[in-house]
$ cat target_32.pdb   # PDB, C-alpha atoms, pLDDT in the B column
ATOM      1  CA  MET T 108     110.584  93.263  93.028  1.00 57.00           C
ATOM      2  CA  LYS T 109     109.646  93.976  89.413  1.00 79.00           C
ATOM      3  CA  VAL T 110     109.092  90.236  88.753  1.00 85.00           C
ATOM      4  CA  ALA T 111     106.751  89.984  91.756  1.00 87.00           C
ATOM      5  CA  GLU T 112     104.808  92.987  90.448  1.00 86.00           C
ATOM      6  CA  ILE T 113     104.463  91.295  87.058  1.00 89.00           C
ATOM      7  CA  PHE T 114     102.843  88.260  88.668  1.00 89.00           C
ATOM      8  CA  LEU T 115     100.561  90.499  90.747  1.00 88.00           C
ATOM      9  CA  LEU T 116      99.470  92.165  87.514  1.00 89.00           C
ATOM     10  CA  GLY T 117      98.684  88.670  86.191  1.00 90.00           C
ATOM     11  CA  VAL T 118      96.354  88.107  89.158  1.00 89.00           C
ATOM     12  CA  VAL T 119      94.620  91.433  88.467  1.00 86.00           C
ATOM     13  CA  ALA T 120      94.284  90.576  84.762  1.00 88.00           C
ATOM     14  CA  ALA T 121      92.690  87.215  85.627  1.00 88.00           C
ATOM     15  CA  PHE T 122      89.507  89.068  86.620  1.00 84.00           C
ATOM     16  CA  TRP T 123      89.203  90.931  83.341  1.00 83.00           C
ATOM     17  CA  PRO T 124      85.519  90.981  82.250  1.00 80.00           C
ATOM     18  CA  VAL T 125      86.084  89.107  78.972  1.00 82.00           C
ATOM     19  CA  LEU T 126      87.613  86.144  80.808  1.00 85.00           C
ATOM     20  CA  LEU T 127      84.753  86.120  83.324  1.00 82.00           C
ATOM     21  CA  VAL T 128      82.211  86.045  80.491  1.00 82.00           C
ATOM     22  CA  VAL T 129      83.989  83.180  78.735  1.00 83.00           C
ATOM     23  CA  VAL T 130      84.122  81.101  81.932  1.00 84.00           C
ATOM     24  CA  ALA T 131      80.416  81.709  82.540  1.00 82.00           C
ATOM     25  CA  VAL T 132      79.530  80.730  78.954  1.00 82.00           C
ATOM     26  CA  ALA T 133      81.722  77.620  79.055  1.00 83.00           C
ATOM     27  CA  LEU T 134      80.159  76.413  82.306  1.00 81.00           C
ATOM     28  CA  ARG T 135      76.710  76.558  80.700  1.00 80.00           C
ATOM     29  CA  THR T 136      77.663  74.214  77.850  1.00 80.00           C
ATOM     30  CA  PRO T 137      77.207  70.422  77.943  1.00 79.00           C
ATOM     31  CA  ARG T 138      80.998  69.866  77.804  1.00 82.00           C
ATOM     32  CA  PRO T 139      82.790  72.640  79.692  1.00 86.00           C
ATOM     33  CA  PRO T 140      86.283  71.008  79.655  1.00 87.00           C
ATOM     34  CA  ARG T 141      86.463  70.968  75.848  1.00 87.00           C
ATOM     35  CA  ILE T 142      85.306  74.589  75.611  1.00 88.00           C
ATOM     36  CA  LEU T 143      87.701  75.743  78.313  1.00 90.00           C
ATOM     37  CA  LEU T 144      90.621  73.851  76.753  1.00 90.00           C
ATOM     38  CA  GLY T 145      89.902  75.214  73.278  1.00 91.00           C
ATOM     39  CA  PHE T 146      89.627  78.793  74.527  1.00 90.00           C
ATOM     40  CA  LEU T 147      92.749  78.421  76.684  1.00 92.00           C
ATOM     41  CA  ALA T 148      94.795  77.103  73.754  1.00 93.00           C
ATOM     42  CA  GLY T 149      93.668  79.895  71.440  1.00 92.00           C
ATOM     43  CA  GLY T 150      94.055  82.576  74.081  1.00 91.00           C
ATOM     44  CA  LEU T 151      97.543  81.518  75.106  1.00 93.00           C
ATOM     45  CA  LEU T 152      98.670  81.223  71.492  1.00 93.00           C
ATOM     46  CA  ALA T 153      97.447  84.726  70.649  1.00 93.00           C
ATOM     47  CA  CYS T 154      98.613  86.346  73.884  1.00 93.00           C
ATOM     48  CA  ILE T 155     102.107  84.845  73.901  1.00 94.00           C
ATOM     49  CA  ALA T 156     102.713  85.622  70.222  1.00 94.00           C
ATOM     50  CA  VAL T 157     101.433  89.194  70.486  1.00 93.00           C
ATOM     51  CA  GLY T 158     103.118  89.684  73.876  1.00 93.00           C
ATOM     52  CA  ALA T 159     106.507  88.586  72.530  1.00 93.00           C
ATOM     53  CA  ALA T 160     106.125  90.949  69.578  1.00 93.00           C
ATOM     54  CA  ILE T 161     105.208  93.866  71.865  1.00 91.00           C
ATOM     55  CA  VAL T 162     108.182  93.208  74.165  1.00 91.00           C
ATOM     56  CA  HIS T 163     110.513  93.069  71.149  1.00 89.00           C
ATOM     57  CA  LEU T 164     109.141  96.353  69.782  1.00 89.00           C
ATOM     58  CA  LEU T 165     109.396  98.039  73.174  1.00 85.00           C
ATOM     59  CA  ARG T 166     113.015  96.979  73.498  1.00 83.00           C
ATOM     60  CA  GLN T 167     113.762  98.602  70.168  1.00 82.00           C
ATOM     61  CA  SER T 168     112.258 101.816  71.479  1.00 75.00           C
ATOM     62  CA  SER T 169     114.581 104.197  73.262  1.00 60.00           C
ATOM     63  CA  VAL T 170     111.528 105.614  75.053  1.00 55.00           C
ATOM     64  CA  VAL T 171     111.234 102.519  77.233  1.00 62.00           C
ATOM     65  CA  MET T 172     114.887 101.660  77.627  1.00 56.00           C
ATOM     66  CA  ASN T 173     116.348 105.124  78.202  1.00 53.00           C
ATOM     67  CA  SER T 174     113.517 107.006  79.927  1.00 54.00           C
ATOM     68  CA  GLN T 175     112.070 104.463  82.352  1.00 57.00           C
ATOM     69  CA  HIS T 176     111.468 107.057  85.089  1.00 60.00           C
ATOM     70  CA  HIS T 177     109.299 109.044  82.663  1.00 66.00           C
ATOM     71  CA  VAL T 178     107.556 106.095  80.978  1.00 73.00           C
ATOM     72  CA  ASP T 179     106.478 104.145  84.071  1.00 76.00           C
ATOM     73  CA  PRO T 180     104.186 106.812  85.586  1.00 82.00           C
ATOM     74  CA  ILE T 181     102.648 107.716  82.216  1.00 84.00           C
ATOM     75  CA  VAL T 182     101.869 104.125  81.172  1.00 83.00           C
ATOM     76  CA  ASN T 183     100.451 103.174  84.569  1.00 83.00           C
ATOM     77  CA  LEU T 184      98.383 106.339  84.958  1.00 88.00           C
ATOM     78  CA  VAL T 185      96.965 106.210  81.420  1.00 89.00           C
ATOM     79  CA  CYS T 186      96.090 102.511  81.627  1.00 87.00           C
ATOM     80  CA  GLY T 187      94.624 102.976  85.105  1.00 86.00           C
ATOM     81  CA  ALA T 188      92.500 105.886  83.913  1.00 91.00           C
ATOM     82  CA  LEU T 189      91.233 103.824  80.966  1.00 90.00           C
ATOM     83  CA  ALA T 190      90.223 100.979  83.301  1.00 88.00           C
ATOM     84  CA  LEU T 191      88.384 103.401  85.620  1.00 90.00           C
ATOM     85  CA  LEU T 192      86.651 105.011  82.644  1.00 92.00           C
ATOM     86  CA  ALA T 193      85.536 101.583  81.434  1.00 87.00           C
ATOM     87  CA  ALA T 194      84.239 100.775  84.933  1.00 87.00           C
ATOM     88  CA  PHE T 195      82.279 104.038  84.993  1.00 90.00           C
ATOM     89  CA  ALA T 196      80.776 103.378  81.553  1.00 90.00           C
ATOM     90  CA  LEU T 197      79.861  99.806  82.466  1.00 84.00           C
ATOM     91  CA  ASN T 198      78.268 100.925  85.734  1.00 85.00           C
ATOM     92  CA  ARG T 199      76.182 103.563  83.918  1.00 87.00           C
ATOM     93  CA  PHE T 200      75.087 100.986  81.347  1.00 83.00           C
ATOM     94  CA  LEU T 201      74.063  98.488  84.023  1.00 81.00           C
ATOM     95  CA  ALA T 202      72.214 101.160  86.008  1.00 83.00           C
ATOM     96  CA  ALA T 203      70.312 102.279  82.902  1.00 82.00           C
ATOM     97  CA  ARG T 204      69.413  98.693  82.077  1.00 76.00           C
ATOM     98  CA  ARG T 205      68.128  98.088  85.607  1.00 74.00           C
ATOM     99  CA  ALA T 206      66.046 101.276  85.448  1.00 77.00           C
ATOM    100  CA  ARG T 207      64.298 100.272  82.225  1.00 72.00           C
ATOM    101  CA  PRO T 208      61.148  98.161  82.602  1.00 61.00           C
ATOM    102  CA  ARG T 209      61.923  94.654  81.491  1.00 60.00           C
ATOM    103  CA  PRO T 210      59.760  93.225  78.731  1.00 57.00           C
ATOM    104  CA  PRO T 211      58.547  89.649  79.097  1.00 55.00           C
ATOM    105  CA  LYS T 212      61.362  87.226  78.378  1.00 53.00           C
ATOM    106  CA  PRO T 213      61.050  85.363  75.091  1.00 51.00           C
ATOM    107  CA  ALA T 214      60.838  81.605  75.208  1.00 46.00           C
ATOM    108  CA  ARG T 215      64.413  81.474  73.970  1.00 47.00           C
ATOM    109  CA  GLU T 216      66.741  84.456  74.265  1.00 50.00           C
ATOM    110  CA  THR T 217      69.102  85.167  71.374  1.00 50.00           C
ATOM    111  CA  PRO T 218      72.676  84.504  72.543  1.00 52.00           C
ATOM    112  CA  SER T 219      75.403  87.041  71.910  1.00 54.00           C
ATOM    113  CA  TRP T 220      78.051  86.402  69.263  1.00 51.00           C
ATOM    114  CA  THR T 221      80.520  85.591  72.049  1.00 57.00           C
ATOM    115  CA  GLU T 222      78.205  82.926  73.441  1.00 57.00           C
ATOM    116  CA  ARG T 223      77.580  81.501  69.978  1.00 58.00           C
ATOM    117  CA  LEU T 224      81.285  81.397  69.162  1.00 58.00           C
ATOM    118  CA  VAL T 225      82.485  80.017  72.494  1.00 62.00           C
ATOM    119  CA  GLY T 226      79.634  77.597  73.072  1.00 57.00           C
ATOM    120  CA  ARG T 227      79.633  75.723  69.757  1.00 61.00           C
ATOM    121  CA  GLY T 228      82.577  73.447  70.371  1.00 69.00           C
ATOM    122  CA  ALA T 229      86.281  73.357  71.073  1.00 76.00           C
ATOM    123  CA  THR T 230      87.324  74.523  67.599  1.00 79.00           C
ATOM    124  CA  LEU T 231      85.232  77.682  67.704  1.00 79.00           C
ATOM    125  CA  ALA T 232      86.260  78.228  71.322  1.00 81.00           C
ATOM    126  CA  PHE T 233      89.865  78.160  70.082  1.00 85.00           C
ATOM    127  CA  VAL T 234      88.982  80.769  67.456  1.00 83.00           C
ATOM    128  CA  ALA T 235      87.242  82.855  70.130  1.00 79.00           C
ATOM    129  CA  GLY T 236      90.374  82.645  72.279  1.00 82.00           C
ATOM    130  CA  VAL T 237      92.458  84.037  69.426  1.00 86.00           C
ATOM    131  CA  ILE T 238      89.982  86.793  68.487  1.00 83.00           C
ATOM    132  CA  LEU T 239      89.194  87.968  72.024  1.00 80.00           C
ATOM    133  CA  ASP T 240      92.826  87.973  73.179  1.00 81.00           C
ATOM    134  CA  ILE T 241      94.717  89.182  70.141  1.00 81.00           C
ATOM    135  CA  VAL T 242      94.465  92.774  71.417  1.00 79.00           C
ATOM    136  CA  PRO T 243      96.005  92.993  74.904  1.00 80.00           C
ATOM    137  CA  GLY T 244      94.123  94.719  77.700  1.00 83.00           C
ATOM    138  CA  VAL T 245      95.477  97.599  79.742  1.00 85.00           C
ATOM    139  CA  VAL T 246      96.924  95.391  82.500  1.00 88.00           C
ATOM    140  CA  PRO T 247      98.873  93.094  80.127  1.00 90.00           C
ATOM    141  CA  VAL T 248     100.281  96.185  78.373  1.00 89.00           C
ATOM    142  CA  VAL T 249     101.744  97.367  81.678  1.00 89.00           C
ATOM    143  CA  ALA T 250     103.126  93.897  82.442  1.00 90.00           C
ATOM    144  CA  LEU T 251     104.715  93.591  78.988  1.00 91.00           C
ATOM    145  CA  LYS T 252     106.297  97.015  79.428  1.00 88.00           C
ATOM    146  CA  ASP T 253     107.774  95.811  82.738  1.00 88.00           C
ATOM    147  CA  ILE T 254     109.114  92.647  81.103  1.00 91.00           C
ATOM    148  CA  ALA T 255     110.714  94.699  78.329  1.00 89.00           C
ATOM    149  CA  GLN T 256     112.400  96.952  80.882  1.00 85.00           C
ATOM    150  CA  LEU T 257     113.941  93.997  82.720  1.00 85.00           C
ATOM    151  CA  GLY T 258     116.191  93.398  79.725  1.00 80.00           C
ATOM    152  CA  GLY T 259     116.518  89.634  80.262  1.00 82.00           C
ATOM    153  CA  GLY T 260     117.677  87.088  77.719  1.00 87.00           C
ATOM    154  CA  VAL T 261     115.439  85.292  75.252  1.00 89.00           C
ATOM    155  CA  ALA T 262     114.742  82.331  77.565  1.00 92.00           C
ATOM    156  CA  GLU T 263     114.111  84.491  80.628  1.00 92.00           C
ATOM    157  CA  THR T 264     111.885  86.914  78.745  1.00 92.00           C
ATOM    158  CA  GLY T 265     109.917  84.131  77.086  1.00 93.00           C
ATOM    159  CA  GLY T 266     109.472  82.381  80.426  1.00 94.00           C
ATOM    160  CA  LEU T 267     108.147  85.568  82.049  1.00 94.00           C
ATOM    161  CA  ILE T 268     105.680  86.162  79.221  1.00 95.00           C
ATOM    162  CA  VAL T 269     104.375  82.590  79.415  1.00 95.00           C
ATOM    163  CA  ALA T 270     104.217  82.678  83.225  1.00 95.00           C
ATOM    164  CA  PHE T 271     102.323  85.985  83.231  1.00 95.00           C
ATOM    165  CA  TYR T 272      99.677  84.670  80.847  1.00 95.00           C
ATOM    166  CA  LEU T 273      99.360  81.370  82.716  1.00 94.00           C
ATOM    167  CA  VAL T 274      98.513  83.404  85.814  1.00 94.00           C
ATOM    168  CA  MET T 275      96.132  85.609  83.825  1.00 93.00           C
ATOM    169  CA  PHE T 276      94.198  82.572  82.560  1.00 94.00           C
ATOM    170  CA  ALA T 277      93.972  81.006  86.040  1.00 92.00           C
ATOM    171  CA  LEU T 278      90.167  81.245  86.157  1.00 88.00           C
ATOM    172  CA  VAL T 279      90.048  79.207  82.939  1.00 90.00           C
ATOM    173  CA  GLU T 280      92.714  76.735  84.058  1.00 92.00           C
ATOM    174  CA  LEU T 281      91.365  75.994  87.554  1.00 90.00           C
ATOM    175  CA  PRO T 282      87.960  74.602  86.477  1.00 88.00           C
ATOM    176  CA  LEU T 283      89.663  72.746  83.616  1.00 88.00           C
ATOM    177  CA  VAL T 284      92.031  71.002  86.055  1.00 90.00           C
ATOM    178  CA  GLY T 285      89.097  70.367  88.382  1.00 89.00           C
ATOM    179  CA  TYR T 286      87.147  68.590  85.624  1.00 87.00           C
ATOM    180  CA  LEU T 287      90.164  66.394  84.898  1.00 85.00           C
ATOM    181  CA  VAL T 288      90.865  65.520  88.560  1.00 86.00           C
ATOM    182  CA  ALA T 289      87.404  65.461  90.163  1.00 86.00           C
ATOM    183  CA  PRO T 290      84.760  65.840  87.438  1.00 82.00           C
ATOM    184  CA  ASP T 291      81.688  65.142  89.594  1.00 81.00           C
ATOM    185  CA  ARG T 292      82.541  67.568  92.368  1.00 85.00           C
ATOM    186  CA  THR T 293      83.736  70.168  89.879  1.00 82.00           C
ATOM    187  CA  GLY T 294      80.467  69.823  87.969  1.00 81.00           C
ATOM    188  CA  ASP T 295      78.474  70.591  91.127  1.00 83.00           C
ATOM    189  CA  LEU T 296      80.708  73.566  91.955  1.00 83.00           C
ATOM    190  CA  ALA T 297      80.487  74.786  88.367  1.00 79.00           C
ATOM    191  CA  THR T 298      76.691  74.749  88.502  1.00 80.00           C
ATOM    192  CA  ARG T 299      76.657  76.896  91.632  1.00 82.00           C
ATOM    193  CA  LEU T 300      79.385  79.180  90.274  1.00 79.00           C
ATOM    194  CA  ASN T 301      77.515  79.651  87.013  1.00 76.00           C
ATOM    195  CA  ALA T 302      74.338  80.600  88.883  1.00 78.00           C
ATOM    196  CA  TRP T 303      76.298  83.139  90.936  1.00 82.00           C
ATOM    197  CA  LEU T 304      78.048  84.567  87.875  1.00 76.00           C
ATOM    198  CA  THR T 305      74.751  84.909  86.024  1.00 75.00           C
ATOM    199  CA  THR T 306      73.416  87.096  88.828  1.00 79.00           C
ATOM    200  CA  ASN T 307      76.572  89.031  89.688  1.00 81.00           C
ATOM    201  CA  MET T 308      78.523  89.219  86.408  1.00 78.00           C
ATOM    202  CA  GLY T 309      77.989  92.939  85.853  1.00 81.00           C
ATOM    203  CA  ARG T 310      78.893  93.885  89.408  1.00 84.00           C
ATOM    204  CA  LEU T 311      81.963  91.636  89.404  1.00 82.00           C
ATOM    205  CA  ALA T 312      83.171  92.998  86.055  1.00 83.00           C
ATOM    206  CA  THR T 313      82.731  96.578  87.270  1.00 86.00           C
ATOM    207  CA  TRP T 314      84.682  95.968  90.460  1.00 86.00           C
ATOM    208  CA  ALA T 315      87.379  94.117  88.521  1.00 84.00           C
ATOM    209  CA  LEU T 316      87.848  97.199  86.338  1.00 86.00           C
ATOM    210  CA  VAL T 317      87.822  99.484  89.386  1.00 89.00           C
ATOM    211  CA  GLY T 318      90.411  97.306  91.147  1.00 86.00           C
ATOM    212  CA  ALA T 319      92.666  97.252  88.092  1.00 85.00           C
ATOM    213  CA  GLY T 320      92.302 100.994  87.602  1.00 87.00           C
ATOM    214  CA  VAL T 321      93.052 101.887  91.212  1.00 89.00           C
ATOM    215  CA  ALA T 322      96.033  99.513  91.339  1.00 86.00           C
ATOM    216  CA  LEU T 323      97.533 100.987  88.168  1.00 86.00           C
ATOM    217  CA  VAL T 324      96.933 104.592  89.242  1.00 89.00           C
ATOM    218  CA  LEU T 325      98.584 103.950  92.610  1.00 87.00           C
ATOM    219  CA  ARG T 326     101.454 102.240  90.839  1.00 83.00           C
ATOM    220  CA  GLY T 327     101.828 105.235  88.539  1.00 83.00           C
ATOM    221  CA  VAL T 328     101.815 107.684  91.436  1.00 88.00           C
ATOM    222  CA  ALA T 329     104.424 105.602  93.282  1.00 83.00           C
ATOM    223  CA  ALA T 330     106.616 105.523  90.162  1.00 77.00           C
ATOM    224  CA  ALA T 331     106.288 109.294  89.728  1.00 81.00           C
ATOM    225  CA  VAL T 332     107.149 109.998  93.371  1.00 82.00           C
ATOM    226  CA  GLY T 333     109.968 107.466  93.382  1.00 67.00           C
TER     227      GLY T 333
END
$ encode --input "target_32.pdb" --output "structure tokens"
Amino acid sequence: MKVAEIFLLGVVAAFWPVLLVVVAVALRTPRPPRILLGFLAGGLLACIAVGAAIVHLLRQSSVVMNSQHHVDPIVNLVCGALALLAAFALNRFLAARRARPRPPKPARETPSWTERLVGRGATLAFVAGVILDIVPGVVPVVALKDIAQLGGGVAETGGLIVAFYLVMFALVELPLVGYLVAPDRTGDLATRLNAWLTTNMGRLATWALVGAGVALVLRGVAAAVG
């Protein structure tokens, strides 16, 4: 059951706002496959290396190995509360921005540093993948704690870490595979998806944080009751 929960956490983590932003930026570039591949390579490298280190450190900690019934509720509840707090802050920011009168748009808007870094080629996208993913989010922290508690061997643990992050990066991998298999159709779908993301990015990111927060809080309550 714990393994299934780890993969479900990977699905939740796939909708993390940073990943949504990167996909949207990549789809706006002239060569999305190269940007997506570069970011995926950098992100996986950083996540797997940091994830393996975190699992190793957690296994050396008696807190995780000897007090699982105390640790599980605390980790899930704290991480869930942080996700809900981030959703609240993001919602307030978006509401305040919508309430402000919008000045006339300049002929060319200045892109954010994320857009500049991700959109300038595969090499910088790789660097962006490392920088943006070197610090794990709240959902991966919970998943890595679960993997540490399973106590599997090196091969099993490494396989679970890799599998979790492959699921987490699904929204990067799916369009990349689509461009390789059916580039024309994927290009049309990417154009429509990019237009939708441009309009709904803030709302989607907020609900992704709310969903992650609620799921983790419920998981923490279930662990405390159980």
$ atom_distance --input "target_32.pdb" --atom1 "atom CA of T:Val162" --atom2 "atom CA of T:Ala193"
25.2 Å
$ residues_around --input "target_32.pdb" --residues "T:Ala190" --least-positions-apart "5" --cutoff "7 Å" --atoms "all atoms listed in the file" --output "list in words"
Leu316, Val317, Ala319 and Gly320 of chain T
$ closest_residue --input "target_32.pdb" --among "T:Met275, T:Arg138, T:Leu267, T:Cys186" --to "T:Val321" --atoms "all atoms listed in the file"
T:Cys186
$ residues_around --input "target_32.pdb" --residues "T:Met308" --least-positions-apart "3" --cutoff "9 Å" --atoms "all atoms listed in the file" --output "list in words"
Pro124, Leu127, Val128, Ala131, Trp303, Leu304, Thr305, Leu311, Ala312 and Thr313 of chain T
$ write_last_selection --input "target_32.pdb" --atoms "C-alpha atoms" --output "compact mmCIF listing (two decimals), keeping the file's coordinate frame"
# COMPACT_ATOMS: atom_id res chain seq x y z
CA PRO T 124 85.52 90.98 82.25
CA LEU T 127 84.75 86.12 83.32
CA VAL T 128 82.21 86.04 80.49
CA ALA T 131 80.42 81.71 82.54
CA TRP T 303 76.30 83.14 90.94
CA LEU T 304 78.05 84.57 87.88
CA THR T 305 74.75 84.91 86.02
CA LEU T 311 81.96 91.64 89.40
CA ALA T 312 83.17 93.00 86.06
CA THR T 313 82.73 96.58 87.27
$ axis_aligned_box --input "target_32.pdb" --around "stretch 118-132 of chain T" --padding-each-side "3 Å" --output "lines of an AutoDock Vina configuration file"
center_x = 87.9
center_y = 86.1
center_z = 83.9
size_x = 22.8
size_y = 16.7
size_z = 16.4
$ residues_around --input "target_32.pdb" --residues "T:Pro140" --least-positions-apart "2" --cutoff "9 Å" --atoms "only C-alpha atoms" --output "ChimeraX atom specification"
/T:133-134,138,142-145,229,282-284,286-287
$ residues_around --input "target_32.pdb" --residues "T:Gly236" --least-positions-apart "4" --cutoff "9 Å" --atoms "all atoms listed in the file" --output "ChimeraX atom specification"
/T:145-153,225,231-232,240-241
$ residues_around --input "target_32.pdb" --residues "T:Phe276" --least-positions-apart "3" --cutoff "6 Å" --atoms "all atoms listed in the file" --output "short mmCIF file (atom, residue, chain, number, x, y, z; two decimals) with C-alpha atoms, keeping the file's coordinate frame"
data_model
loop_
_atom_site.label_atom_id
_atom_site.label_comp_id
_atom_site.auth_asym_id
_atom_site.auth_seq_id
_atom_site.Cartn_x
_atom_site.Cartn_y
_atom_site.Cartn_z
CA ALA T 121 92.69 87.22 85.63
CA LEU T 273 99.36 81.37 82.72
CA VAL T 279 90.05 79.21 82.94
#
$ resolve_selection --input "target_32.pdb" --expression "the PyMOL selection byres ((chain T and resi 116-120) around 8)" --output "PDB file with C-alpha atoms, keeping the file's coordinate frame"
ATOM      1  CA  GLU T 112     104.808  92.987  90.448  1.00 86.00           C
ATOM      2  CA  ILE T 113     104.463  91.295  87.058  1.00 89.00           C
ATOM      3  CA  PHE T 114     102.843  88.260  88.668  1.00 89.00           C
ATOM      4  CA  LEU T 115     100.561  90.499  90.747  1.00 88.00           C
ATOM      5  CA  ALA T 121      92.690  87.215  85.627  1.00 88.00           C
ATOM      6  CA  PHE T 122      89.507  89.068  86.620  1.00 84.00           C
ATOM      7  CA  TRP T 123      89.203  90.931  83.341  1.00 83.00           C
ATOM      8  CA  VAL T 246      96.924  95.391  82.500  1.00 88.00           C
ATOM      9  CA  PRO T 247      98.873  93.094  80.127  1.00 90.00           C
ATOM     10  CA  ALA T 250     103.126  93.897  82.442  1.00 90.00           C
ATOM     11  CA  PHE T 271     102.323  85.985  83.231  1.00 95.00           C
ATOM     12  CA  TYR T 272      99.677  84.670  80.847  1.00 95.00           C
ATOM     13  CA  VAL T 274      98.513  83.404  85.814  1.00 94.00           C
ATOM     14  CA  MET T 275      96.132  85.609  83.825  1.00 93.00           C
ATOM     15  CA  ALA T 315      87.379  94.117  88.521  1.00 84.00           C
ATOM     16  CA  GLY T 318      90.411  97.306  91.147  1.00 86.00           C
ATOM     17  CA  ALA T 319      92.666  97.252  88.092  1.00 85.00           C
TER      18      ALA T 319
END
$ closest_residue --input "target_32.pdb" --among "T:Leu325, T:Ile254, T:Ala262, T:Val288" --to "T:His163" --atoms "all atoms listed in the file"
T:Ile254
$ closest_residue --input "target_32.pdb" --among "T:Val157, T:Lys109, T:Ala331, T:Gly259" --to "T:Ile238" --atoms "all atoms listed in the file"
T:Val157
$ atom_distance --input "target_32.pdb" --atom1 "atom CA of T:Leu251" --atom2 "atom CA of T:Val332"
22.0 Å
$ atom_distance --input "target_32.pdb" --atom1 "atom CA of T:Val132" --atom2 "atom CA of T:Leu239"
13.9 Å
$ closest_residue --input "target_32.pdb" --among "T:Leu189, T:Val182, T:Ala297, T:Val328" --to "T:Thr136" --atoms "all atoms listed in the file"
T:Ala297
$ closest_residue --input "target_32.pdb" --among "T:Pro243, T:Pro180, T:Gly187, T:Gly158" --to "T:Ala255" --atoms "only C-alpha atoms"
T:Gly158
$ closest_residue --input "target_32.pdb" --among "T:Ala277, T:Cys154, T:Ile181, T:Leu257" --to "T:Leu323" --atoms "only C-alpha atoms"
T:Ile181
